$ cat query.pdb   # PDB, C-alpha atoms and all ligand atoms
ATOM      1  CA  MET A   1    -144.581   3.326-202.823  1.00  0.00           C
ATOM      2  CA  SER A   2    -146.109   0.259-201.193  1.00  0.00           C
ATOM      3  CA  GLU A   3    -144.631  -3.251-201.472  1.00  0.00           C
ATOM      4  CA  ASN A   4    -147.925  -4.414-202.898  1.00  0.00           C
ATOM      5  CA  LEU A   5    -147.633  -2.226-205.932  1.00  0.00           C
ATOM      6  CA  PHE A   6    -144.730  -4.320-207.175  1.00  0.00           C
ATOM      7  CA  SER A   7    -146.256  -7.763-206.635  1.00  0.00           C
ATOM      8  CA  ILE A   8    -146.568  -8.241-210.413  1.00  0.00           C
ATOM      9  CA  ARG A   9    -142.791  -7.990-210.580  1.00  0.00           C
ATOM     10  CA  ASN A  10    -142.130 -10.729-208.035  1.00  0.00           C
ATOM     11  CA  GLN A  11    -142.962 -13.705-210.215  1.00  0.00           C
ATOM     12  CA  ALA A  12    -139.911 -15.881-210.956  1.00  0.00           C
ATOM     13  CA  GLY A  13    -137.519 -13.418-209.449  1.00  0.00           C
ATOM     14  CA  PRO A  14    -136.679 -10.672-209.422  1.00  0.00           C
ATOM     15  CA  LEU A  15    -133.015 -11.137-208.777  1.00  0.00           C
ATOM     16  CA  ALA A  16    -131.995  -7.561-209.430  1.00  0.00           C
ATOM     17  CA  ASP A  17    -131.621  -4.919-206.749  1.00  0.00           C
ATOM     18  CA  ASP A  18    -134.622  -2.804-205.774  1.00  0.00           C
ATOM     19  CA  MET A  19    -133.339   0.274-207.564  1.00  0.00           C
ATOM     20  CA  PHE A  20    -134.088  -1.531-210.841  1.00  0.00           C
ATOM     21  CA  VAL A  21    -137.245  -3.389-209.884  1.00  0.00           C
ATOM     22  CA  LYS A  22    -138.894  -0.477-208.103  1.00  0.00           C
ATOM     23  CA  ARG A  23    -138.424   2.032-210.866  1.00  0.00           C
ATOM     24  CA  TRP A  24    -141.639   2.368-212.794  1.00  0.00           C
ATOM     25  CA  SER A  25    -143.378   4.985-214.890  1.00  0.00           C
ATOM     26  CA  PRO A  26    -146.342   6.531-213.105  1.00  0.00           C
ATOM     27  CA  ARG A  27    -148.569   9.124-214.719  1.00  0.00           C
ATOM     28  CA  SER A  28    -150.032  10.696-211.612  1.00  0.00           C
ATOM     29  CA  MET A  29    -147.806  13.510-210.404  1.00  0.00           C
ATOM     30  CA  VAL A  30    -148.329  16.423-208.060  1.00  0.00           C
ATOM     31  CA  LYS A  31    -147.057  19.848-209.000  1.00  0.00           C
ATOM     32  CA  GLY A  32    -143.895  20.747-207.184  1.00  0.00           C
ATOM     33  CA  GLU A  33    -140.379  21.940-207.718  1.00  0.00           C
ATOM     34  CA  VAL A  34    -137.455  20.089-209.220  1.00  0.00           C
ATOM     35  CA  PRO A  35    -134.776  22.470-207.962  1.00  0.00           C
ATOM     36  CA  ASP A  36    -131.929  23.238-210.349  1.00  0.00           C
ATOM     37  CA  GLN A  37    -129.441  21.438-208.072  1.00  0.00           C
ATOM     38  CA  ASP A  38    -131.451  18.209-208.264  1.00  0.00           C
ATOM     39  CA  LEU A  39    -131.762  18.474-212.029  1.00  0.00           C
ATOM     40  CA  LEU A  40    -128.012  19.070-212.300  1.00  0.00           C
ATOM     41  CA  LYS A  41    -127.375  15.963-210.211  1.00  0.00           C
ATOM     42  CA  MET A  42    -129.464  13.890-212.645  1.00  0.00           C
ATOM     43  CA  ILE A  43    -127.615  15.322-215.630  1.00  0.00           C
ATOM     44  CA  ASP A  44    -124.335  14.600-213.876  1.00  0.00           C
ATOM     45  CA  ALA A  45    -125.376  10.964-213.416  1.00  0.00           C
ATOM     46  CA  ALA A  46    -125.968  10.796-217.172  1.00  0.00           C
ATOM     47  CA  ARG A  47    -122.575  12.408-217.752  1.00  0.00           C
ATOM     48  CA  TRP A  48    -120.749   9.398-216.307  1.00  0.00           C
ATOM     49  CA  SER A  49    -122.266   6.967-218.773  1.00  0.00           C
ATOM     50  CA  PRO A  50    -119.979   5.069-221.122  1.00  0.00           C
ATOM     51  CA  SER A  51    -119.961   5.880-224.830  1.00  0.00           C
ATOM     52  CA  CYS A  52    -118.154   4.823-227.979  1.00  0.00           C
ATOM     53  CA  PHE A  53    -114.922   6.880-228.292  1.00  0.00           C
ATOM     54  CA  ASN A  54    -116.131   8.660-225.116  1.00  0.00           C
ATOM     55  CA  ASP A  55    -118.094  10.821-227.539  1.00  0.00           C
ATOM     56  CA  GLN A  56    -120.938  11.470-225.047  1.00  0.00           C
ATOM     57  CA  PRO A  57    -123.503  12.023-227.798  1.00  0.00           C
ATOM     58  CA  TRP A  58    -126.457  12.666-225.429  1.00  0.00           C
ATOM     59  CA  HIS A  59    -127.933  16.103-224.925  1.00  0.00           C
ATOM     60  CA  PHE A  60    -130.908  17.268-222.852  1.00  0.00           C
ATOM     61  CA  VAL A  61    -133.173  20.308-223.069  1.00  0.00           C
ATOM     62  CA  PHE A  62    -135.378  21.064-220.043  1.00  0.00           C
ATOM     63  CA  SER A  63    -138.253  23.392-219.372  1.00  0.00           C
ATOM     64  CA  THR A  64    -138.150  26.117-216.754  1.00  0.00           C
ATOM     65  CA  ASP A  65    -141.249  27.530-215.093  1.00  0.00           C
ATOM     66  CA  ALA A  66    -141.347  30.160-217.837  1.00  0.00           C
ATOM     67  CA  THR A  67    -141.338  27.634-220.697  1.00  0.00           C
ATOM     68  CA  TYR A  68    -143.320  24.767-219.146  1.00  0.00           C
ATOM     69  CA  ASP A  69    -146.473  25.395-221.173  1.00  0.00           C
ATOM     70  CA  LEU A  70    -144.472  25.723-224.358  1.00  0.00           C
ATOM     71  CA  PHE A  71    -142.881  22.321-223.702  1.00  0.00           C
ATOM     72  CA  LEU A  72    -146.233  20.783-222.769  1.00  0.00           C
ATOM     73  CA  ASP A  73    -147.502  21.787-226.178  1.00  0.00           C
ATOM     74  CA  LEU A  74    -144.806  19.642-227.804  1.00  0.00           C
ATOM     75  CA  LEU A  75    -146.458  16.465-226.467  1.00  0.00           C
ATOM     76  CA  VAL A  76    -149.293  14.560-228.150  1.00  0.00           C
ATOM     77  CA  ASP A  77    -152.707  15.149-226.580  1.00  0.00           C
ATOM     78  CA  ALA A  78    -152.825  11.720-224.893  1.00  0.00           C
ATOM     79  CA  ASN A  79    -149.652  12.580-222.979  1.00  0.00           C
ATOM     80  CA  LYS A  80    -150.541  16.227-222.385  1.00  0.00           C
ATOM     81  CA  LEU A  81    -153.584  15.036-220.471  1.00  0.00           C
ATOM     82  CA  TRP A  82    -151.513  13.777-217.531  1.00  0.00           C
ATOM     83  CA  CYS A  83    -148.129  15.440-218.091  1.00  0.00           C
ATOM     84  CA  LYS A  84    -149.577  18.813-217.164  1.00  0.00           C
ATOM     85  CA  ASN A  85    -148.960  17.946-213.505  1.00  0.00           C
ATOM     86  CA  ALA A  86    -145.277  17.143-213.913  1.00  0.00           C
ATOM     87  CA  SER A  87    -142.672  19.568-212.623  1.00  0.00           C
ATOM     88  CA  ARG A  88    -140.230  19.536-215.522  1.00  0.00           C
ATOM     89  CA  ILE A  89    -140.491  18.440-219.115  1.00  0.00           C
ATOM     90  CA  GLY A  90    -137.363  17.581-221.039  1.00  0.00           C
ATOM     91  CA  PHE A  91    -136.232  16.189-224.368  1.00  0.00           C
ATOM     92  CA  VAL A  92    -133.408  13.747-224.969  1.00  0.00           C
ATOM     93  CA  LEU A  93    -131.309  14.281-228.090  1.00  0.00           C
ATOM     94  CA  ALA A  94    -128.524  12.206-229.645  1.00  0.00           C
ATOM     95  CA  ARG A  95    -125.757  13.828-231.675  1.00  0.00           C
ATOM     96  CA  LYS A  96    -125.520  11.882-234.912  1.00  0.00           C
ATOM     97  CA  ASN A  97    -121.852  12.251-235.803  1.00  0.00           C
ATOM     98  CA  PHE A  98    -118.659  11.651-233.861  1.00  0.00           C
ATOM     99  CA  MET A  99    -116.989  14.794-232.533  1.00  0.00           C
ATOM    100  CA  HIS A 100    -113.487  13.582-233.427  1.00  0.00           C
ATOM    101  CA  SER A 101    -114.138  12.610-237.044  1.00  0.00           C
ATOM    102  CA  GLY A 102    -117.510  13.945-238.117  1.00  0.00           C
ATOM    103  CA  GLU A 103    -118.367  10.401-239.242  1.00  0.00           C
ATOM    104  CA  ASN A 104    -121.783   8.903-238.540  1.00  0.00           C
ATOM    105  CA  ASN A 105    -121.926   7.465-235.014  1.00  0.00           C
ATOM    106  CA  PHE A 106    -123.802   4.180-235.186  1.00  0.00           C
ATOM    107  CA  PHE A 107    -123.674   3.976-231.381  1.00  0.00           C
ATOM    108  CA  ALA A 108    -125.153   7.419-230.662  1.00  0.00           C
ATOM    109  CA  HIS A 109    -128.646   6.126-229.855  1.00  0.00           C
ATOM    110  CA  PHE A 110    -127.301   3.225-227.815  1.00  0.00           C
ATOM    111  CA  ASP A 111    -125.087   5.511-225.740  1.00  0.00           C
ATOM    112  CA  THR A 112    -127.845   8.079-225.289  1.00  0.00           C
ATOM    113  CA  GLY A 113    -130.115   5.311-223.989  1.00  0.00           C
ATOM    114  CA  ALA A 114    -127.481   4.405-221.411  1.00  0.00           C
ATOM    115  CA  ALA A 115    -127.198   8.039-220.325  1.00  0.00           C
ATOM    116  CA  TRP A 116    -130.952   8.460-220.031  1.00  0.00           C
ATOM    117  CA  MET A 117    -131.150   5.383-217.798  1.00  0.00           C
ATOM    118  CA  ALA A 118    -128.480   6.777-215.469  1.00  0.00           C
ATOM    119  CA  PHE A 119    -130.463  10.022-215.367  1.00  0.00           C
ATOM    120  CA  VAL A 120    -133.619   8.099-214.481  1.00  0.00           C
ATOM    121  CA  HIS A 121    -132.020   6.151-211.655  1.00  0.00           C
ATOM    122  CA  GLN A 122    -130.560   9.316-210.160  1.00  0.00           C
ATOM    123  CA  ALA A 123    -133.996  10.954-210.329  1.00  0.00           C
ATOM    124  CA  TYR A 124    -135.555   8.048-208.415  1.00  0.00           C
ATOM    125  CA  ALA A 125    -132.728   8.057-205.873  1.00  0.00           C
ATOM    126  CA  LEU A 126    -133.633  11.696-205.190  1.00  0.00           C
ATOM    127  CA  GLY A 127    -137.276  10.764-204.633  1.00  0.00           C
ATOM    128  CA  TYR A 128    -138.698  11.819-207.997  1.00  0.00           C
ATOM    129  CA  VAL A 129    -140.568   9.748-210.548  1.00  0.00           C
ATOM    130  CA  MET A 130    -140.097   9.941-214.300  1.00  0.00           C
ATOM    131  CA  HIS A 131    -141.855   8.878-217.454  1.00  0.00           C
ATOM    132  CA  GLY A 132    -140.368   8.546-220.945  1.00  0.00           C
ATOM    133  CA  LEU A 133    -142.419   9.905-223.845  1.00  0.00           C
ATOM    134  CA  GLY A 134    -142.320   8.721-227.420  1.00  0.00           C
ATOM    135  CA  GLY A 135    -145.588  10.562-228.013  1.00  0.00           C
ATOM    136  CA  ILE A 136    -144.150  13.938-228.939  1.00  0.00           C
ATOM    137  CA  HIS A 137    -144.424  16.239-231.947  1.00  0.00           C
ATOM    138  CA  LYS A 138    -140.877  15.846-233.226  1.00  0.00           C
ATOM    139  CA  ASP A 139    -141.083  18.475-235.941  1.00  0.00           C
ATOM    140  CA  LYS A 140    -142.394  20.987-233.448  1.00  0.00           C
ATOM    141  CA  VAL A 141    -139.656  20.046-230.938  1.00  0.00           C
ATOM    142  CA  ILE A 142    -137.037  20.713-233.617  1.00  0.00           C
ATOM    143  CA  GLU A 143    -138.577  24.059-234.472  1.00  0.00           C
ATOM    144  CA  VAL A 144    -139.401  25.356-230.984  1.00  0.00           C
ATOM    145  CA  LEU A 145    -136.209  24.157-229.273  1.00  0.00           C
ATOM    146  CA  GLN A 146    -134.071  25.214-232.244  1.00  0.00           C
ATOM    147  CA  VAL A 147    -132.582  21.774-232.724  1.00  0.00           C
ATOM    148  CA  GLU A 148    -130.274  21.387-235.740  1.00  0.00           C
ATOM    149  CA  PRO A 149    -131.774  18.230-237.325  1.00  0.00           C
ATOM    150  CA  ASN A 150    -128.637  17.484-239.327  1.00  0.00           C
ATOM    151  CA  GLN A 151    -126.730  17.242-236.077  1.00  0.00           C
ATOM    152  CA  PHE A 152    -129.201  15.764-233.615  1.00  0.00           C
ATOM    153  CA  ASP A 153    -131.925  13.137-233.501  1.00  0.00           C
ATOM    154  CA  VAL A 154    -134.748  13.869-231.080  1.00  0.00           C
ATOM    155  CA  MET A 155    -135.066  10.597-229.165  1.00  0.00           C
ATOM    156  CA  CYS A 156    -137.884  11.142-226.674  1.00  0.00           C
ATOM    157  CA  GLY A 157    -139.495  13.424-224.149  1.00  0.00           C
ATOM    158  CA  ILE A 158    -139.307  12.975-220.377  1.00  0.00           C
ATOM    159  CA  VAL A 159    -141.381  14.259-217.520  1.00  0.00           C
ATOM    160  CA  ILE A 160    -140.114  14.485-213.955  1.00  0.00           C
ATOM    161  CA  GLY A 161    -142.192  15.046-210.851  1.00  0.00           C
ATOM    162  CA  LYS A 162    -143.364  13.798-207.493  1.00  0.00           C
ATOM    163  CA  LEU A 163    -145.651  10.788-207.364  1.00  0.00           C
ATOM    164  CA  GLY A 164    -149.301  11.734-207.018  1.00  0.00           C
ATOM    165  CA  PRO A 165    -152.357   9.728-205.931  1.00  0.00           C
ATOM    166  CA  LYS A 166    -153.940   7.508-208.555  1.00  0.00           C
ATOM    167  CA  ASP A 167    -157.336   9.165-208.230  1.00  0.00           C
ATOM    168  CA  HIS A 168    -155.916  12.414-209.563  1.00  0.00           C
ATOM    169  CA  LEU A 169    -155.818  10.797-212.985  1.00  0.00           C
ATOM    170  CA  PRO A 170    -158.687  10.647-215.479  1.00  0.00           C
ATOM    171  CA  ALA A 171    -160.647   7.393-214.980  1.00  0.00           C
ATOM    172  CA  GLN A 172    -159.285   5.689-218.101  1.00  0.00           C
ATOM    173  CA  LEU A 173    -155.718   6.078-216.871  1.00  0.00           C
ATOM    174  CA  GLN A 174    -156.272   4.970-213.284  1.00  0.00           C
ATOM    175  CA  GLU A 175    -156.428   1.306-214.279  1.00  0.00           C
ATOM    176  CA  ARG A 176    -153.040   1.538-215.964  1.00  0.00           C
ATOM    177  CA  GLU A 177    -151.398   3.262-213.004  1.00  0.00           C
ATOM    178  CA  LYS A 178    -149.203   0.408-211.852  1.00  0.00           C
ATOM    179  CA  PRO A 179    -145.781  -1.032-212.628  1.00  0.00           C
ATOM    180  CA  ASN A 180    -145.736  -3.100-215.795  1.00  0.00           C
ATOM    181  CA  ALA A 181    -144.654  -6.740-215.818  1.00  0.00           C
ATOM    182  CA  ARG A 182    -141.810  -8.075-217.924  1.00  0.00           C
ATOM    183  CA  LYS A 183    -141.021 -11.037-220.146  1.00  0.00           C
ATOM    184  CA  SER A 184    -139.431 -13.878-218.250  1.00  0.00           C
ATOM    185  CA  LEU A 185    -135.725 -13.634-217.587  1.00  0.00           C
ATOM    186  CA  HIS A 186    -135.037 -16.689-219.699  1.00  0.00           C
ATOM    187  CA  GLU A 187    -136.594 -15.148-222.810  1.00  0.00           C
ATOM    188  CA  MET A 188    -133.906 -12.497-222.807  1.00  0.00           C
ATOM    189  CA  TYR A 189    -130.718 -14.424-223.344  1.00  0.00           C
ATOM    190  CA  ASN A 190    -129.113 -17.469-224.844  1.00  0.00           C
ATOM    191  CA  LEU A 191    -125.967 -19.290-224.000  1.00  0.00           C
ATOM    192  CA  ASN A 192    -123.491 -20.139-226.722  1.00  0.00           C
ATOM    193  CA  GLN A 193    -125.689 -19.216-229.688  1.00  0.00           C
ATOM    194  CA  MET A 194    -129.150 -17.905-230.466  1.00  0.00           C
ATOM    195  CA  ASN A 195    -130.735 -21.307-230.958  1.00  0.00           C
ATOM    196  CA  ASP A 196    -129.196 -22.931-227.857  1.00  0.00           C
ATOM    197  CA  THR A 197    -132.086 -23.478-225.414  1.00  0.00           C
ATOM    198  CA  THR A 198    -129.890 -24.244-222.385  1.00  0.00           C
ATOM    199  CA  LYS A 199    -130.636 -21.875-219.521  1.00  0.00           C
ATOM    200  CA  LEU A 200    -128.740 -20.767-216.431  1.00  0.00           C
TER     201      LEU A 200
HETATM  202  C1  LIG A 301    -138.641   5.869-225.093  1.00  0.00           C
HETATM  203  C2  LIG A 301    -139.931   5.685-224.342  1.00  0.00           C
HETATM  204  C3  LIG A 301    -141.100   6.217-224.842  1.00  0.00           C
HETATM  205  C4  LIG A 301    -142.298   6.100-224.126  1.00  0.00           C
HETATM  206  N1  LIG A 301    -143.416   6.753-224.577  1.00  0.00           N
HETATM  207  C5  LIG A 301    -144.513   6.817-223.793  1.00  0.00           C
HETATM  208  C6  LIG A 301    -145.591   7.678-224.150  1.00  0.00           C
HETATM  209  O1  LIG A 301    -145.566   8.411-225.144  1.00  0.00           O
HETATM  210  N2  LIG A 301    -146.675   7.710-223.319  1.00  0.00           N
HETATM  211  C7  LIG A 301    -146.742   6.944-222.188  1.00  0.00           C
HETATM  212  O2  LIG A 301    -147.751   7.040-221.474  1.00  0.00           O
HETATM  213  N3  LIG A 301    -145.721   6.132-221.817  1.00  0.00           N
HETATM  214  C8  LIG A 301    -144.601   6.062-222.582  1.00  0.00           C
HETATM  215  N4  LIG A 301    -143.516   5.299-222.190  1.00  0.00           N
HETATM  216  C9  LIG A 301    -143.575   4.490-220.946  1.00  0.00           C
HETATM  217  C10 LIG A 301    -143.562   2.997-221.245  1.00  0.00           C
HETATM  218  O3  LIG A 301    -144.817   2.605-221.708  1.00  0.00           O
HETATM  219  C11 LIG A 301    -143.138   2.235-219.976  1.00  0.00           C
HETATM  220  O4  LIG A 301    -141.820   2.577-219.645  1.00  0.00           O
HETATM  221  C12 LIG A 301    -143.221   0.730-220.186  1.00  0.00           C
HETATM  222  O5  LIG A 301    -144.558   0.316-220.334  1.00  0.00           O
HETATM  223  C13 LIG A 301    -142.626  -0.040-219.019  1.00  0.00           C
HETATM  224  O6  LIG A 301    -143.258   0.319-217.810  1.00  0.00           O
HETATM  225  P1  LIG A 301    -142.446   0.810-216.548  1.00  0.00           P
HETATM  226  O7  LIG A 301    -141.585   1.970-216.994  1.00  0.00           O
HETATM  227  O8  LIG A 301    -143.479   1.219-215.546  1.00  0.00           O
HETATM  228  O9  LIG A 301    -141.585  -0.311-216.091  1.00  0.00           O
HETATM  229  C14 LIG A 301    -142.326   5.387-222.899  1.00  0.00           C
HETATM  230  C15 LIG A 301    -141.128   4.837-222.399  1.00  0.00           C
HETATM  231  C16 LIG A 301    -139.944   4.994-223.092  1.00  0.00           C
HETATM  232  C17 LIG A 301    -138.671   4.428-222.514  1.00  0.00           C
END
$ encode --input "query.pdb" --output "structure tokens"
Amino acid sequence: MSENLFSIRNQAGPLADDMFVKRWSPRSMVKGEVPDQDLLKMIDAARWSPSCFNDQPWHFVFSTDATYDLFLDLLVDANKLWCKNASRIGFVLARKNFMHSGENNFFAHFDTGAAWMAFVHQAYALGYVMHGLGGIHKDKVIEVLQVEPNQFDVMCGIVIGKLGPKDHLPAQLQEREKPNARKSLHEMYNLNQMNDTTKL
């Protein structure tokens, strides 16, 4: 990935390490393998995430070569269009209730988000790219993957692959094939209280 690609992210910062700033969500991927050992390493990274009561409410379901097309069919058409070149498709689930008490776990989605981010960073460290997908057919995911909807919420889909050249994408997506900018740092926090405008 060239330095240039990230120029939009260099305004007023960034202060964070490259592993954060240089993660982005490309759509152009080239077909290749994500060997089981690499996938396991990503899942292991997720495993070490913190969670309320150490409940570890996250769960993942991944395609194999045999089920890839079945998984692809669980995505909305706009995503299917470019996800067909990914190497693995997965779904991220959050278990709704605490294991120790059976009570509703308010933090399940929060903790699952933390785990997914660890997964993502491990994927990039291994040289893969990833893209999160809200555009999925949830009801179909529940049915096809045999998810128990009373126990799990389907949070999102993910695709993992190797970065491909931009011109492999349909024309309308080529323009969007770049890292997205962010709000300014100072929009994201307050000191002391919400309406305190003092900044670091
Ligand atoms: C939960 C979630 C759902 C998303 N859903 C989609 C989607 O359905 N289709 C898509 O093209 N991108 C999707 N994205 C990608 C976001 O648009 C992207 O992460 C965001 O614009 C920030 O860009 P960056 O990841 O390149 O920094 C999703 C990302 C997340 C985290």
$ resolve_selection --input "query.pdb" --expression "the PyMOL selection byres (((chain A and resi 61) around 8) and not hetatm)" --output "MDAnalysis selection string"
chainID A and resid 59:60 62:63 90:92 145
$ residues_around --input "query.pdb" --residues "region 151-160 of chain A" --least-positions-apart "4" --cutoff "6 Å" --atoms "all atoms listed in the file" --output "JSON, numbers by chain"
{"A": [86, 87, 88, 89, 90, 91, 92, 93, 94, 95, 96, 129, 130, 131, 132, 133, 134]}
$ resolve_selection --input "query.pdb" --expression "the PyMOL selection byres (((chain A and resi 103-118) around 8) and not hetatm)" --output "NGL selection string"
:A and (42 or 45-52 or 56-58 or 92-98 or 101-102 or 119-122 or 155)
$ atom_distance --input "query.pdb" --atom1 "CA of Asp77 (chain A)" --atom2 "CA of Lys178 (chain A)"
21.1 Å
$ closest_residue --input "query.pdb" --among "A:Ala78, A:Asp55, A:Thr67, A:Leu15" --to "Met99 (chain A)" --atoms "all atoms listed in the file"
A:Asp55
$ resolve_selection --input "query.pdb" --expression "the PyMOL selection byres (((chain A and resi 186) around 10) and not hetatm)" --output "mmCIF file with C-alpha atoms, keeping the file's coordinate frame"
data_model
loop_
_atom_site.group_PDB
_atom_site.id
_atom_site.type_symbol
_atom_site.label_atom_id
_atom_site.label_comp_id
_atom_site.auth_asym_id
_atom_site.auth_seq_id
_atom_site.Cartn_x
_atom_site.Cartn_y
_atom_site.Cartn_z
ATOM 1 C CA LYS A 183 -141.021 -11.037 -220.146
ATOM 2 C CA SER A 184 -139.431 -13.878 -218.250
ATOM 3 C CA LEU A 185 -135.725 -13.634 -217.587
ATOM 4 C CA GLU A 187 -136.594 -15.148 -222.810
ATOM 5 C CA MET A 188 -133.906 -12.497 -222.807
ATOM 6 C CA TYR A 189 -130.718 -14.424 -223.344
ATOM 7 C CA ASN A 190 -129.113 -17.469 -224.844
ATOM 8 C CA THR A 197 -132.086 -23.478 -225.414
ATOM 9 C CA THR A 198 -129.890 -24.244 -222.385
ATOM 10 C CA LYS A 199 -130.636 -21.875 -219.521
ATOM 11 C CA LEU A 200 -128.740 -20.767 -216.431
#
$ closest_residue --input "query.pdb" --among "A:Ala171, A:Ile8, A:Leu74, A:Ala181" --to "ligand LIG 301 (chain A)" --atoms "only C-alpha atoms and all ligand atoms"
A:Ala181
$ closest_residue --input "query.pdb" --among "A:Lys41, A:Lys31, A:Lys80, A:Arg182" --to "Asp65 (chain A)" --atoms "only C-alpha atoms"
A:Lys31
$ closest_residue --input "query.pdb" --among "A:Lys166, A:Leu40, A:Arg9, A:Leu72" --to "ligand LIG 301 (chain A)" --atoms "only C-alpha atoms and all ligand atoms"
A:Arg9
$ atom_distance --input "query.pdb" --atom1 "CA of Asp139 (chain A)" --atom2 "CA of Leu75 (chain A)"
11.1 Å
$ closest_residue --input "query.pdb" --among "A:Cys83, A:Ala66, A:Phe53, A:Tyr124" --to "His168 (chain A)" --atoms "all atoms listed in the file"
A:Cys83
$ atom_distance --input "query.pdb" --atom1 "CA of Asp38 (chain A)" --atom2 "CA of Asp69 (chain A)"
21.1 Å
$ axis_aligned_box --input "query.pdb" --around "region 41-59 of chain A" --padding-each-side "4 Å" --output "lines of an AutoDock Vina configuration file"
center_x = -122.2
center_y = 10.5
center_z = -219.3
size_x = 22.5
size_y = 19.3
size_z = 26.1
$ closest_residue --input "query.pdb" --among "A:Ile43, A:Leu5, A:Val147, A:Leu126" --to "ligand LIG 301 (chain A)" --atoms "only C-alpha atoms and all ligand atoms"
A:Leu5
$ build_atoms --input "query.pdb" --residues "region 29-43 of chain A" --atoms "N, CA and C atoms" --output "PDB file, in the coordinates of the input"
ATOM      1  N   MET A  29    -148.837  12.706-211.074  1.00  0.00           N
ATOM      2  CA  MET A  29    -147.806  13.510-210.404  1.00  0.00           C
ATOM      3  C   MET A  29    -148.472  14.712-209.752  1.00  0.00           C
ATOM      4  N   VAL A  30    -147.833  15.199-208.690  1.00  0.00           N
ATOM      5  CA  VAL A  30    -148.329  16.423-208.060  1.00  0.00           C
ATOM      6  C   VAL A  30    -147.346  17.554-208.351  1.00  0.00           C
ATOM      7  N   LYS A  31    -147.900  18.692-208.670  1.00  0.00           N
ATOM      8  CA  LYS A  31    -147.057  19.848-209.000  1.00  0.00           C
ATOM      9  C   LYS A  31    -146.107  20.165-207.856  1.00  0.00           C
ATOM     10  N   GLY A  32    -144.885  20.373-208.188  1.00  0.00           N
ATOM     11  CA  GLY A  32    -143.895  20.747-207.184  1.00  0.00           C
ATOM     12  C   GLY A  32    -142.639  21.175-207.911  1.00  0.00           C
ATOM     13  N   GLU A  33    -141.631  21.471-207.138  1.00  0.00           N
ATOM     14  CA  GLU A  33    -140.379  21.940-207.718  1.00  0.00           C
ATOM     15  C   GLU A  33    -139.441  20.768-208.019  1.00  0.00           C
ATOM     16  N   VAL A  34    -138.686  20.871-209.088  1.00  0.00           N
ATOM     17  CA  VAL A  34    -137.455  20.089-209.220  1.00  0.00           C
ATOM     18  C   VAL A  34    -136.356  21.149-209.211  1.00  0.00           C
ATOM     19  N   PRO A  35    -135.763  21.399-208.038  1.00  0.00           N
ATOM     20  CA  PRO A  35    -134.776  22.470-207.962  1.00  0.00           C
ATOM     21  C   PRO A  35    -133.621  22.232-208.933  1.00  0.00           C
ATOM     22  N   ASP A  36    -133.023  23.326-209.372  1.00  0.00           N
ATOM     23  CA  ASP A  36    -131.929  23.238-210.349  1.00  0.00           C
ATOM     24  C   ASP A  36    -130.835  22.274-209.883  1.00  0.00           C
ATOM     25  N   GLN A  37    -130.520  22.293-208.578  1.00  0.00           N
ATOM     26  CA  GLN A  37    -129.441  21.438-208.072  1.00  0.00           C
ATOM     27  C   GLN A  37    -129.776  19.956-208.249  1.00  0.00           C
ATOM     28  N   ASP A  38    -131.043  19.610-208.072  1.00  0.00           N
ATOM     29  CA  ASP A  38    -131.451  18.209-208.264  1.00  0.00           C
ATOM     30  C   ASP A  38    -131.359  17.833-209.742  1.00  0.00           C
ATOM     31  N   LEU A  39    -131.821  18.747-210.584  1.00  0.00           N
ATOM     32  CA  LEU A  39    -131.762  18.474-212.029  1.00  0.00           C
ATOM     33  C   LEU A  39    -130.305  18.306-212.474  1.00  0.00           C
ATOM     34  N   LEU A  40    -129.432  19.161-211.943  1.00  0.00           N
ATOM     35  CA  LEU A  40    -128.012  19.070-212.300  1.00  0.00           C
ATOM     36  C   LEU A  40    -127.417  17.735-211.864  1.00  0.00           C
ATOM     37  N   LYS A  41    -127.870  17.248-210.712  1.00  0.00           N
ATOM     38  CA  LYS A  41    -127.375  15.963-210.211  1.00  0.00           C
ATOM     39  C   LYS A  41    -127.783  14.829-211.164  1.00  0.00           C
ATOM     40  N   MET A  42    -128.998  14.908-211.687  1.00  0.00           N
ATOM     41  CA  MET A  42    -129.464  13.890-212.645  1.00  0.00           C
ATOM     42  C   MET A  42    -128.642  13.956-213.930  1.00  0.00           C
ATOM     43  N   ILE A  43    -128.396  15.163-214.389  1.00  0.00           N
ATOM     44  CA  ILE A  43    -127.615  15.322-215.630  1.00  0.00           C
ATOM     45  C   ILE A  43    -126.186  14.825-215.402  1.00  0.00           C
TER      46      ILE A  43
END
